[in-house]
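Quick notes on the structure that follows.
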Amino acid sequence: MIMMHRYLAVILILISQGALCENFVSLAYDDGGMEDAVKMDGIRGHSVLFTAPYDNWTLSRVAIYGKLTPKPISDPFIIEVWDDDLDQVSKVTDDAVLIFGNEFEWVLVDIPDVNVSRDFFVSFYEFEGIYTGIDRDSGSGRSLITAGDPNRVLEWDIELPQNETNWMIRAVGHSPPPKIGLEVLSDSASPDSPAMIEAKIKDPDHNLKSALLYVVNNKSREVVWSDFKALDGGEKEVQFFWSGTMYQVSNGRTSIAPVFVTDNDVPDLGYGAYLNISALCLLQLEPDAPQIYAFAYFGDDGRFNALVDYLGFAHYISQDVLNIASHDVDYMNYKKGNITLVKDKSRLIFYKMVVPPVQDPYLASHRPVVLSKSVLFNYRLELEEVSADPGDYLVVVEVEDRASNIVIEKGEAGVYII
Ligand SMILES: [Ca+2]
Ligand SMILES: [Ca+2]
């Protein structure tokens with residue numbers, strides 16, 4: 001019922017930081033689902049006309065959805081890359097039986113890195129040795145039949161209509177990381193006059209995914225505020241605002257801050273106001289029980305309305321949320337059969353994000369919060385927006401593209417609360 005991918009995305013960002021990723025993107029015109037397959041004889045090649053995402057894009061692999069024919073006539077296959085003048089810019093020959101199998105699958109063939117611009121052709125010659133998958137759902141007009149000596153596009157002469165044929169051949173290349181220019185446009189933060197931070201973001205191959213702002217206490221290095229924005233395209237000016245506040249969780253007896261939270265895009269089924277903000281936490285049902293990752297959901301008014309673990313199991317939903325989900329269910333009956341939280345025993349451990357001067361950001365745990373009040377009053381657990389301490393704050397912006405490039409920019413100027 002509740003979308004989890006946002007948090008998983010956040011967690012994955014944390015995990016992938018510092019890891020060595022190969023940041024590839026795939027150019028594809030097929031839909032990934034095969035409806036047909038053909039092999040072709042000696043001179044004819046399956047060719048796809050690609051358009052480079054930008055000039056001098058580095059192409060480094062070709063992916064082909066194919067399998068060996070039962071009795072290959074000849075072992076080698078050839079992949080050729082031509083520019084838009086039909087001049088060959090790269091060529092590899094390899095042994096089909098070493099690379100393709102007896103079942104259809106995506107096979108990645110390494111080619112020497114080559115820079116391509118504008119339109120370019122990738123042609124696959126298999127000499128009746130390999131069936132090449134065909135997607136027939138989304139004719140792109142980019143699948144052709146080619147031949148070499150001299151390089152040329154042949155007349156379409158196979159049975160399937162050309163406008164229903166997409167060779168399942170993809171071009172795989174590097175995705176350069178985004179660049180961030182960070183500027184603090186207004187540096188004093190208060191509810192009446194928020195600080196304003198602008199990030200000018202450029203990505204050469206136009207596959208931006210998201211931007212995340214952290215406002216970091218200069219002394220403690222704790223993140224007091226974060227703001228996530230989904231992006232697309234290649235050039236964006238993103239404005240962030242901060243009113244000098246942070247989130248605090250309190251159970252009536254004790255409170256902890258700053259708590260790391262995420263805004264939610266809850267599907268609009270009436271739940272929105274109840275599940276708007278969530279916080280990653282560790283759930284411990286009883287003192288000796290294992291700790292498991294979960295998300296606590298809070299409403300616009302700060303009330304605690306749901307607790308869902310990382311597998312999607314709901315340990316608690318509030319009476320308000322149950323009423324929206326199903327009007328006829330009695331909450332006390334529901335509670336008996338479904339709510340696993342134990343009053344005075346179950347504990348939640350919330351997180352704060354820490355951004356050390358030289359290391360990557362990481363999550364640190366707060367002391368546990370015990371659920372000691374009645375479920376009928378939402379355990380009296382609340383998420384409150386409170387004033388952050390006066391002082392200096394750093395701004396950090398983290399931008400990700402769809403090829404898992406992550407770039408972190410720390411602002412030279414900071415913001416402050418008087
Ligand atoms: Ca298909
Ligand atoms: Ca990129």
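Within each chain, counting starts at residue 1; across the structure tokens, chains are named A, B, ... in the order shown, with ligands numbered 1 upward in that order.
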Sort by chain and increasing residue number a table of all residues of range 31-82 of chain A within 8 Å of range 157-177 of chain A, each with its closest pair of atoms and their distance in Å to one decimal, counting only C-alpha atoms, and write it as JSON lines.
```
{"residue": "A:Gly32", "atom": "CA", "partner": "A:Met168", "partner_atom": "CA", "distance": 7.4}
{"residue": "A:Met34", "atom": "CA", "partner": "A:Met168", "partner_atom": "CA", "distance": 7.8}
{"residue": "A:His46", "atom": "CA", "partner": "A:Trp167", "partner_atom": "CA", "distance": 6.9}
{"residue": "A:Ser47", "atom": "CA", "partner": "A:Trp167", "partner_atom": "CA", "distance": 7.5}
{"residue": "A:Val48", "atom": "CA", "partner": "A:Trp167", "partner_atom": "CA", "distance": 7.0}
{"residue": "A:Phe50", "atom": "CA", "partner": "A:Ala171", "partner_atom": "CA", "distance": 7.7}
{"residue": "A:Trp57", "atom": "CA", "partner": "A:His174", "partner_atom": "CA", "distance": 7.4}
{"residue": "A:Thr58", "atom": "CA", "partner": "A:Gly173", "partner_atom": "CA", "distance": 5.5}
{"residue": "A:Leu59", "atom": "CA", "partner": "A:Gly173", "partner_atom": "CA", "distance": 4.2}
{"residue": "A:Ser60", "atom": "CA", "partner": "A:Gly173", "partner_atom": "CA", "distance": 5.0}
{"residue": "A:Arg61", "atom": "CA", "partner": "A:Val172", "partner_atom": "CA", "distance": 4.9}
{"residue": "A:Val62", "atom": "CA", "partner": "A:Ala171", "partner_atom": "CA", "distance": 4.9}
{"residue": "A:Ala63", "atom": "CA", "partner": "A:Arg170", "partner_atom": "CA", "distance": 5.0}
{"residue": "A:Ile64", "atom": "CA", "partner": "A:Ile169", "partner_atom": "CA", "distance": 4.6}
{"residue": "A:Tyr65", "atom": "CA", "partner": "A:Met168", "partner_atom": "CA", "distance": 5.5}
```
Taking the chain letters and numbering used in this document, name the residues of range 223-381 of chain A that DSSP puts in alpha helix (DSSP H), as a ChimeraX atom specification. /A:319-325,331-338
- Please provide the set of residues having any atom within 10 Å of range 326-333 of chain A, restricted to only C-alpha atoms, with same-chain residues fewer than 5 positions apart removed, written as a list in words.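 In the requested form, the answer reads Ile317, Ser318, Gln319, Asp320, Val321, Asn338, Ile339, Val375 and Leu376 of chain A.
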Next on the checklist: If I take CA of Val107 in chain A and CA of Asp135 in chain A, how far is one from the other in Å, to one decimal?
Outcome noted: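 Computing the Euclidean distance for CA of Val107 in chain A and CA of Asp135 in chain A yields 16.1 Å.
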Subject >> All residues having an atom within 12 Å of ligand 2 (only C-alpha atoms and all ligand atoms) as a VMD selection string >> reply: chain A and resid 23 to 26 53 to 54 57 173 to 179 201 to 210 232 to 235 399 to 407
Go ahead and save the residues from that selection, with N, CA and C atoms, as a short mmCIF file (atom, residue, chain, number, x, y, z; two decimals), in the first residue's frame.
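So result00.cif came out as:
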```cif
data_model
loop_
_atom_site.label_atom_id
_atom_site.label_comp_id
_atom_site.auth_asym_id
_atom_site.auth_seq_id
_atom_site.Cartn_x
_atom_site.Cartn_y
_atom_site.Cartn_z
N ASN A 23 29.78 3.29 -14.59
CA ASN A 23 28.62 4.12 -14.84
C ASN A 23 28.24 4.12 -16.32
N PHE A 24 27.58 3.03 -16.71
CA PHE A 24 27.20 2.85 -18.10
C PHE A 24 25.74 3.19 -18.33
N VAL A 25 25.45 3.62 -19.54
CA VAL A 25 24.06 3.74 -19.98
C VAL A 25 23.90 2.94 -21.25
N SER A 26 22.66 2.56 -21.50
CA SER A 26 22.35 1.72 -22.63
C SER A 26 21.39 2.47 -23.55
N PRO A 53 24.00 10.37 -27.36
CA PRO A 53 23.38 11.32 -26.42
C PRO A 53 24.01 12.70 -26.51
N TYR A 54 25.25 12.78 -26.91
CA TYR A 54 25.93 14.07 -27.13
C TYR A 54 27.16 13.75 -27.98
N TRP A 57 30.47 10.93 -27.59
CA TRP A 57 30.03 9.96 -26.57
C TRP A 57 30.89 8.70 -26.70
N GLY A 173 27.41 2.60 -23.36
CA GLY A 173 28.57 3.51 -23.26
C GLY A 173 28.62 4.22 -21.93
N HIS A 174 29.64 5.06 -21.78
CA HIS A 174 29.83 5.77 -20.52
C HIS A 174 28.83 6.90 -20.37
N SER A 175 28.43 7.11 -19.13
CA SER A 175 27.61 8.28 -18.81
C SER A 175 28.45 9.20 -17.95
N PRO A 176 28.76 10.39 -18.44
CA PRO A 176 29.55 11.30 -17.62
C PRO A 176 28.74 11.80 -16.43
N PRO A 177 29.40 12.11 -15.32
CA PRO A 177 28.69 12.58 -14.13
C PRO A 177 28.20 14.01 -14.30
N PRO A 178 27.17 14.39 -13.55
CA PRO A 178 26.69 15.78 -13.58
C PRO A 178 27.71 16.73 -12.96
N LYS A 179 27.57 18.00 -13.28
CA LYS A 179 28.37 19.05 -12.63
C LYS A 179 27.42 19.97 -11.87
N ILE A 201 22.69 22.73 -12.24
CA ILE A 201 23.15 21.36 -12.50
C ILE A 201 23.17 21.10 -14.00
N LYS A 202 24.28 20.52 -14.46
CA LYS A 202 24.39 20.19 -15.89
C LYS A 202 24.88 18.76 -16.03
N ASP A 203 24.25 18.02 -16.91
CA ASP A 203 24.70 16.66 -17.18
C ASP A 203 24.85 16.50 -18.69
N PRO A 204 26.08 16.21 -19.17
CA PRO A 204 26.31 16.20 -20.62
C PRO A 204 25.38 15.23 -21.37
N ASP A 205 25.05 14.09 -20.78
CA ASP A 205 24.20 13.15 -21.51
C ASP A 205 22.75 13.15 -21.00
N HIS A 206 22.36 14.20 -20.33
CA HIS A 206 20.94 14.46 -20.05
C HIS A 206 20.23 13.32 -19.33
N ASN A 207 20.89 12.70 -18.36
CA ASN A 207 20.14 11.65 -17.63
C ASN A 207 20.09 11.93 -16.12
N LEU A 208 19.81 13.17 -15.78
CA LEU A 208 19.68 13.54 -14.37
C LEU A 208 18.55 12.76 -13.71
N LYS A 209 18.74 12.46 -12.43
CA LYS A 209 17.74 11.69 -11.69
C LYS A 209 17.22 12.44 -10.46
N SER A 210 18.14 12.97 -9.65
CA SER A 210 17.67 13.60 -8.42
C SER A 210 18.72 14.54 -7.85
N ASP A 232 14.92 15.42 -14.17
CA ASP A 232 15.19 14.73 -15.43
C ASP A 232 15.86 15.73 -16.36
N GLY A 233 16.24 15.27 -17.53
CA GLY A 233 16.88 16.16 -18.49
C GLY A 233 18.34 16.40 -18.16
N GLY A 234 18.91 17.49 -18.71
CA GLY A 234 20.34 17.70 -18.61
C GLY A 234 20.76 19.03 -18.04
N GLU A 235 19.83 19.96 -17.87
CA GLU A 235 20.21 21.27 -17.37
C GLU A 235 19.10 21.79 -16.47
N VAL A 399 23.91 15.15 -6.19
CA VAL A 399 23.15 14.95 -7.42
C VAL A 399 23.47 13.57 -7.97
N GLU A 400 22.41 12.88 -8.41
CA GLU A 400 22.59 11.55 -8.99
C GLU A 400 22.03 11.55 -10.41
N ASP A 401 22.67 10.80 -11.30
CA ASP A 401 22.08 10.59 -12.63
C ASP A 401 21.61 9.14 -12.76
N ARG A 402 20.98 8.82 -13.89
CA ARG A 402 20.39 7.49 -14.03
C ARG A 402 21.42 6.41 -14.33
N ALA A 403 22.69 6.78 -14.37
CA ALA A 403 23.74 5.77 -14.53
C ALA A 403 24.51 5.61 -13.22
N SER A 404 23.88 5.99 -12.10
CA SER A 404 24.46 5.83 -10.76
C SER A 404 25.70 6.68 -10.51
N ASN A 405 25.91 7.70 -11.32
CA ASN A 405 26.94 8.68 -10.96
C ASN A 405 26.39 9.52 -9.81
N ILE A 406 27.18 9.67 -8.75
CA ILE A 406 26.77 10.51 -7.63
C ILE A 406 27.84 11.58 -7.40
N VAL A 407 27.41 12.82 -7.41
CA VAL A 407 28.34 13.93 -7.24
C VAL A 407 27.91 14.73 -6.01
#
```
Contacts of Leu280 in chain A at 10 Å (only C-alpha atoms; same-chain gap of 6+ positions) as a VMD selection string: chain A and resid 7 to 8 10 to 11 259 to 262 293 to 297 307 to 310 348 to 352
Excluding Asp94 in chain A and residues on its chain fewer than 4 positions from it, collect all residues at most 9 Å away from it, counting only C-alpha atoms, and give them as a list in words.
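Here the answer would be Asp75, Pro76, Phe77, Ile78, Ile79, Leu98, Ile99 and Val109 of chain A.
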Which residues of chain A sit at most 8 Å from ligand 1, using only C-alpha atoms and all ligand atoms? Give each one's shortest atom pair and distance in Å (one decimal place), in chain and ascending residue order, as JSON lines.
```
{"residue": "A:Asp30", "atom": "CA", "partner": "ligand 1", "partner_atom_place_in_ligand_line": "1 (Ca)", "distance": 6.8}
{"residue": "A:Asp31", "atom": "CA", "partner": "ligand 1", "partner_atom_place_in_ligand_line": "1 (Ca)", "distance": 5.1}
{"residue": "A:Gly32", "atom": "CA", "partner": "ligand 1", "partner_atom_place_in_ligand_line": "1 (Ca)", "distance": 6.0}
{"residue": "A:Gly33", "atom": "CA", "partner": "ligand 1", "partner_atom_place_in_ligand_line": "1 (Ca)", "distance": 3.8}
{"residue": "A:Met34", "atom": "CA", "partner": "ligand 1", "partner_atom_place_in_ligand_line": "1 (Ca)", "distance": 4.8}
{"residue": "A:Glu35", "atom": "CA", "partner": "ligand 1", "partner_atom_place_in_ligand_line": "1 (Ca)", "distance": 5.6}
{"residue": "A:Ile134", "atom": "CA", "partner": "ligand 1", "partner_atom_place_in_ligand_line": "1 (Ca)", "distance": 7.4}
{"residue": "A:Asp135", "atom": "CA", "partner": "ligand 1", "partner_atom_place_in_ligand_line": "1 (Ca)", "distance": 4.0}
{"residue": "A:Arg136", "atom": "CA", "partner": "ligand 1", "partner_atom_place_in_ligand_line": "1 (Ca)", "distance": 5.4}
{"residue": "A:Asp137", "atom": "CA", "partner": "ligand 1", "partner_atom_place_in_ligand_line": "1 (Ca)", "distance": 4.8}
{"residue": "A:Ser138", "atom": "CA", "partner": "ligand 1", "partner_atom_place_in_ligand_line": "1 (Ca)", "distance": 7.1}
```
Export of prior selection with N, CA, C and O atoms as a PDB file, in the first residue's frame:
```pdb
ATOM      1  N   ASP A  30      14.402  -1.128 -28.597  1.00  0.00           N
ATOM      2  CA  ASP A  30      13.477  -2.247 -28.420  1.00  0.00           C
ATOM      3  C   ASP A  30      12.853  -2.158 -27.042  1.00  0.00           C
ATOM      4  O   ASP A  30      13.354  -1.440 -26.181  1.00  0.00           O
ATOM      5  N   ASP A  31      11.746  -2.897 -26.826  1.00  0.00           N
ATOM      6  CA  ASP A  31      11.054  -2.828 -25.532  1.00  0.00           C
ATOM      7  C   ASP A  31      11.517  -3.910 -24.560  1.00  0.00           C
ATOM      8  O   ASP A  31      10.942  -4.066 -23.490  1.00  0.00           O
ATOM      9  N   GLY A  32      12.526  -4.681 -24.942  1.00  0.00           N
ATOM     10  CA  GLY A  32      13.072  -5.695 -24.036  1.00  0.00           C
ATOM     11  C   GLY A  32      12.359  -7.031 -24.116  1.00  0.00           C
ATOM     12  O   GLY A  32      12.845  -8.027 -23.597  1.00  0.00           O
ATOM     13  N   GLY A  33      11.181  -7.070 -24.738  1.00  0.00           N
ATOM     14  CA  GLY A  33      10.434  -8.324 -24.859  1.00  0.00           C
ATOM     15  C   GLY A  33      10.518  -8.835 -26.303  1.00  0.00           C
ATOM     16  O   GLY A  33      10.172  -8.133 -27.243  1.00  0.00           O
ATOM     17  N   MET A  34      10.970 -10.079 -26.467  1.00  0.00           N
ATOM     18  CA  MET A  34      11.187 -10.636 -27.804  1.00  0.00           C
ATOM     19  C   MET A  34       9.908 -11.269 -28.351  1.00  0.00           C
ATOM     20  O   MET A  34       9.239 -12.008 -27.649  1.00  0.00           O
ATOM     21  N   GLU A  35       9.556 -10.957 -29.592  1.00  0.00           N
ATOM     22  CA  GLU A  35       8.413 -11.607 -30.235  1.00  0.00           C
ATOM     23  C   GLU A  35       8.844 -12.527 -31.367  1.00  0.00           C
ATOM     24  O   GLU A  35       8.057 -13.344 -31.842  1.00  0.00           O
ATOM     25  N   ILE A 134      13.988 -10.190 -31.981  1.00  0.00           N
ATOM     26  CA  ILE A 134      13.269  -9.070 -32.603  1.00  0.00           C
ATOM     27  C   ILE A 134      12.122  -8.660 -31.691  1.00  0.00           C
ATOM     28  O   ILE A 134      11.342  -9.509 -31.246  1.00  0.00           O
ATOM     29  N   ASP A 135      12.049  -7.379 -31.415  1.00  0.00           N
ATOM     30  CA  ASP A 135      10.871  -6.818 -30.737  1.00  0.00           C
ATOM     31  C   ASP A 135       9.958  -6.297 -31.832  1.00  0.00           C
ATOM     32  O   ASP A 135      10.380  -5.504 -32.663  1.00  0.00           O
ATOM     33  N   ARG A 136       8.680  -6.751 -31.841  1.00  0.00           N
ATOM     34  CA  ARG A 136       7.756  -6.342 -32.903  1.00  0.00           C
ATOM     35  C   ARG A 136       6.718  -5.344 -32.416  1.00  0.00           C
ATOM     36  O   ARG A 136       5.791  -5.010 -33.143  1.00  0.00           O
ATOM     37  N   ASP A 137       6.847  -4.871 -31.179  1.00  0.00           N
ATOM     38  CA  ASP A 137       5.795  -4.020 -30.611  1.00  0.00           C
ATOM     39  C   ASP A 137       5.954  -2.541 -30.916  1.00  0.00           C
ATOM     40  O   ASP A 137       4.990  -1.804 -30.900  1.00  0.00           O
ATOM     41  N   SER A 138       7.166  -2.117 -31.127  1.00  0.00           N
ATOM     42  CA  SER A 138       7.383  -0.677 -31.141  1.00  0.00           C
ATOM     43  C   SER A 138       8.348  -0.305 -32.258  1.00  0.00           C
ATOM     44  O   SER A 138       9.469   0.078 -32.001  1.00  0.00           O
TER      45      SER A 138
END
```
> Using only C-alpha atoms, which residue out of A:Lys39, A:Asp187, A:Ile292, A:Ile417 lies closest to Leu311 in chain A?
Replying inline: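 Looking only at the distances to Leu311 in chain A, the closest residue turns out to be A:Ile292.
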Range 364-368 of chain A: which residues within 10 Å, counting only C-alpha atoms, same-chain residues fewer than 2 positions away excluded, as a PyMOL selection string? chain A and resi 222+255-260+281-284+346-354+361-362+370-371
Could you write those residues out with N, CA and C atoms, as a short mmCIF file (atom, residue, chain, number, x, y, z; two decimals), in the first residue's frame?
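Written file, part34.cif:
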```cif
data_model
loop_
_atom_site.label_atom_id
_atom_site.label_comp_id
_atom_site.auth_asym_id
_atom_site.auth_seq_id
_atom_site.Cartn_x
_atom_site.Cartn_y
_atom_site.Cartn_z
N GLU A 222 26.01 17.36 12.04
CA GLU A 222 24.74 16.66 11.84
C GLU A 222 23.91 17.37 10.77
N SER A 255 12.82 13.50 23.90
CA SER A 255 12.80 13.84 22.48
C SER A 255 14.20 13.75 21.90
N ILE A 256 14.25 13.47 20.60
CA ILE A 256 15.54 13.34 19.92
C ILE A 256 15.50 14.16 18.64
N ALA A 257 16.64 14.76 18.32
CA ALA A 257 16.74 15.59 17.12
C ALA A 257 18.22 15.75 16.78
N PRO A 258 18.57 16.01 15.54
CA PRO A 258 17.69 16.04 14.37
C PRO A 258 17.44 14.62 13.85
N VAL A 259 16.22 14.37 13.40
CA VAL A 259 15.87 13.05 12.86
C VAL A 259 15.87 13.13 11.34
N PHE A 260 16.47 12.11 10.73
CA PHE A 260 16.55 12.06 9.27
C PHE A 260 15.21 11.56 8.71
N CYS A 281 14.05 3.81 10.53
CA CYS A 281 14.38 3.48 11.93
C CYS A 281 14.69 2.00 12.06
N LEU A 282 15.18 1.64 13.22
CA LEU A 282 15.32 0.22 13.57
C LEU A 282 14.20 -0.10 14.54
N LEU A 283 13.48 -1.19 14.28
CA LEU A 283 12.39 -1.61 15.15
C LEU A 283 12.85 -2.80 15.98
N GLN A 284 12.62 -2.71 17.30
CA GLN A 284 12.87 -3.85 18.17
C GLN A 284 11.57 -4.10 18.94
N SER A 346 8.25 -2.28 22.94
CA SER A 346 8.79 -2.04 21.60
C SER A 346 9.53 -0.71 21.56
N ARG A 347 10.65 -0.72 20.82
CA ARG A 347 11.49 0.48 20.76
C ARG A 347 11.81 0.80 19.31
N LEU A 348 11.92 2.08 19.05
CA LEU A 348 12.33 2.53 17.73
C LEU A 348 13.64 3.30 17.88
N ILE A 349 14.56 3.01 16.99
CA ILE A 349 15.83 3.74 16.98
C ILE A 349 15.88 4.55 15.69
N PHE A 350 15.78 5.85 15.83
CA PHE A 350 15.80 6.73 14.65
C PHE A 350 17.24 7.11 14.29
N TYR A 351 17.37 7.71 13.12
CA TYR A 351 18.70 8.05 12.62
C TYR A 351 18.89 9.54 12.41
N LYS A 352 20.14 9.92 12.44
CA LYS A 352 20.52 11.24 11.94
C LYS A 352 21.61 11.03 10.90
N MET A 353 21.67 11.95 9.95
CA MET A 353 22.73 11.89 8.94
C MET A 353 23.87 12.77 9.40
N VAL A 354 25.08 12.26 9.23
CA VAL A 354 26.26 13.03 9.63
C VAL A 354 27.15 13.22 8.39
N PRO A 361 28.91 11.20 3.64
CA PRO A 361 27.85 11.21 4.66
C PRO A 361 27.53 9.80 5.13
N TYR A 362 27.16 9.68 6.40
CA TYR A 362 26.71 8.37 6.90
C TYR A 362 25.57 8.57 7.89
N VAL A 370 11.05 4.40 23.43
CA VAL A 370 10.13 3.32 23.81
C VAL A 370 8.69 3.78 23.56
N LEU A 371 7.88 2.87 23.02
CA LEU A 371 6.47 3.20 22.78
C LEU A 371 5.70 2.90 24.06
#
```
(message) Between A:Leu27, A:Val358, A:Leu86, A:Val395, which residue has the minimum interatomic distance to Gly148 in chain A, considering only C-alpha atoms?
(response)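 Of A:Leu27, A:Val358, A:Leu86, A:Val395, the one nearest Gly148 in chain A, counting only C-alpha atoms, is A:Leu86.
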note - CA of Ile111 in chain A and CA of Val97 in chain A are separated by 17.6 Å
